[in-house]
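Written out below as structure tokens is the structure these notes cover.
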Amino acid sequence: MTAWAFSFVFPVLLTTALLQAIAALCGRRVRGRMPAIATALLATAIMFIPVRDLPFGRWIISLNANFSIPLTAVLFSGVVRGFFSIRLLDDKALLTCWIFSLAAGLFLYPMALGLGRWDPYGAGWGFSWLFVLLLGVTLVLLAMNNRFAVVLMGVMAAYNLGLLESTNLWDYLVDPVLVVISLIGLGWRIGVRREA
């Protein structure tokens, strides 16, 4: 039941971000606590509208079974910034997220699809080298005062709480949507630096 309820978090955040964007296009600034609450309640109501006997939010989940915790954290950070001008994830944390997610995706997905004899996806079940590696990366990022370390701690907490419908740690760490967004984010950042 917990995983089912948590599955609505990403669709609600996505809808909230879309409502923020629509308001901005209409020339309205949606800032502050009361507009944030109203927008989040509207987004939540939209996600629970039944479509063919399923809440609309579950249809969004059908596009990607498990939206990863880092992707959810990035979206949450963007929504909070839109309402309150607070940057939960600064540029350093976002860059780390893009690099980490792209590297994880390029390591995981080709091999999981049969490129090579070994499938690293299996390391996501039970205690394995993946947990040790994740802990090591988290500790290094904490020592560097990188906010992405908090996101990785959130990954471990979410995994232990079983917040996603998957029981594999890889699904908590990375998803195809995040890999594509990371590729775009890194490409944009490189393009901006070249223009400067």
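Residue numbers start at 1 in each chain; chains themselves are named A, B, ... in the order of the structure tokens; ligands are numbered from 1 in the order shown.
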
Would you write out, as JSON lines, a table of all residues in range 54-158 of chain A that have an atom no more than 7 Å from an atom of range 5-12 of chain A, listing for each the closest atom pair and the distance in Å to one decimal, considering only C-alpha atoms and ordering rows by chain and rising residue number?
```
{"residue": "A:Gly57", "atom": "CA", "partner": "A:Pro11", "partner_atom": "CA", "distance": 5.7}
{"residue": "A:Ile60", "atom": "CA", "partner": "A:Pro11", "partner_atom": "CA", "distance": 6.5}
{"residue": "A:Thr72", "atom": "CA", "partner": "A:Phe10", "partner_atom": "CA", "distance": 5.9}
```

### Query
What lies within 8 Å of Ala65 in chain A using only C-alpha atoms, ignoring chain neighbours under 3 positions off, as JSON, numbers by chain?
{"A": [61, 62, 165]}

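Of the listed residues (A:Ala38, A:Ile22, A:Val174, A:Ile190), A:Val174 comes nearest to Tyr109 in chain A; the distances count only C-alpha atoms.
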
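Residues surrounding Leu88 in chain A within 12 Å are Ala73, Val74, Leu75, Phe76, Ser77, Gly78, Val79, Val80, Arg81, Gly82, Phe84, Ser85, Asp91, Lys92, Ala93, Leu94, Asn146, Arg147, Phe148, Val150 and Val151 of chain A [only C-alpha atoms; sequence separation below 3 positions excluded].
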
### Query
In terms of the shortest atom-to-atom distance over only C-alpha atoms, which of A:Trp170, A:Arg29, A:Leu14, A:Ala40 is closest to Ala104 in chain A?
A:Trp170

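With distances restricted to only C-alpha atoms, A:Thr167 is the closest residue to Ala123 in chain A from A:Val155, A:Val137, A:Thr167, A:Ile86.
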
#### Entry: Residue with smallest distance to Thr16 in chain A - pool A:Phe131, A:Phe107, A:Trp4, A:Phe83, counting only C-alpha atoms
A:Phe83

### Message
Write out as a PyMOL selection string the set of residues from range 53-92 of chain A that DSSP, computed on the backbone, places in helix (DSSP H, G or I).
### Response
chain A and resi 56-61+69-84+91-92

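CA of Arg194 in chain A is positioned 25.5 Å from CA of Gly105 in chain A.
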
### Query
So how far away is CA of Arg33 in chain A from CA of Leu161 in chain A, in Å?
28.9 Å

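Between CA of Arg58 in chain A and CA of Leu18 in chain A lies a distance of 17.3 Å.
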
### Message
Just want the 8 Å neighbourhood of range 96-99 of chain A, counted on only C-alpha atoms, with same-chain residues fewer than 4 positions away dropped. Output as a list of chain:residue names.
### Response
A:Pro70, A:Lys92, A:Ala103, A:Phe148, A:Val179, A:Ile181, A:Ser182, A:Leu183, A:Gly185, A:Leu186

Selected residues, N, CA and C atoms, written as an mmCIF file, in the first residue's frame, please.
```
data_model
loop_
_atom_site.group_PDB
_atom_site.id
_atom_site.type_symbol
_atom_site.label_atom_id
_atom_site.label_comp_id
_atom_site.auth_asym_id
_atom_site.auth_seq_id
_atom_site.Cartn_x
_atom_site.Cartn_y
_atom_site.Cartn_z
ATOM 1 N N PRO A 70 16.263 10.109 -7.433
ATOM 2 C CA PRO A 70 16.927 11.342 -7.882
ATOM 3 C C PRO A 70 16.069 12.183 -8.832
ATOM 4 N N LYS A 92 26.010 22.661 -8.382
ATOM 5 C CA LYS A 92 26.962 21.573 -8.149
ATOM 6 C C LYS A 92 26.236 20.238 -7.948
ATOM 7 N N ALA A 103 26.189 8.136 -16.018
ATOM 8 C CA ALA A 103 27.143 7.044 -15.856
ATOM 9 C C ALA A 103 26.438 5.757 -15.432
ATOM 10 N N PHE A 148 23.925 16.573 -3.431
ATOM 11 C CA PHE A 148 23.435 15.340 -4.040
ATOM 12 C C PHE A 148 23.616 14.156 -3.087
ATOM 13 N N VAL A 179 18.040 9.355 -17.270
ATOM 14 C CA VAL A 179 19.233 9.261 -18.124
ATOM 15 C C VAL A 179 19.108 10.237 -19.300
ATOM 16 N N ILE A 181 17.202 12.967 -19.443
ATOM 17 C CA ILE A 181 17.268 14.328 -18.908
ATOM 18 C C ILE A 181 18.706 14.694 -18.546
ATOM 19 N N SER A 182 19.450 13.738 -18.009
ATOM 20 C CA SER A 182 20.858 13.977 -17.663
ATOM 21 C C SER A 182 21.682 14.267 -18.909
ATOM 22 N N LEU A 183 21.423 13.525 -19.966
ATOM 23 C CA LEU A 183 22.133 13.753 -21.225
ATOM 24 C C LEU A 183 21.835 15.156 -21.760
ATOM 25 N N GLY A 185 20.710 17.730 -19.953
ATOM 26 C CA GLY A 185 21.259 18.704 -19.005
ATOM 27 C C GLY A 185 22.752 18.910 -19.180
ATOM 28 N N LEU A 186 23.490 17.814 -19.356
ATOM 29 C CA LEU A 186 24.934 17.930 -19.561
ATOM 30 C C LEU A 186 25.248 18.576 -20.907
#
```

#### Entry: In range 11-138 of chain A, DSSP strand (DSSP E or B) residues written as a ChimeraX atom specification
/A:50-51,54-55
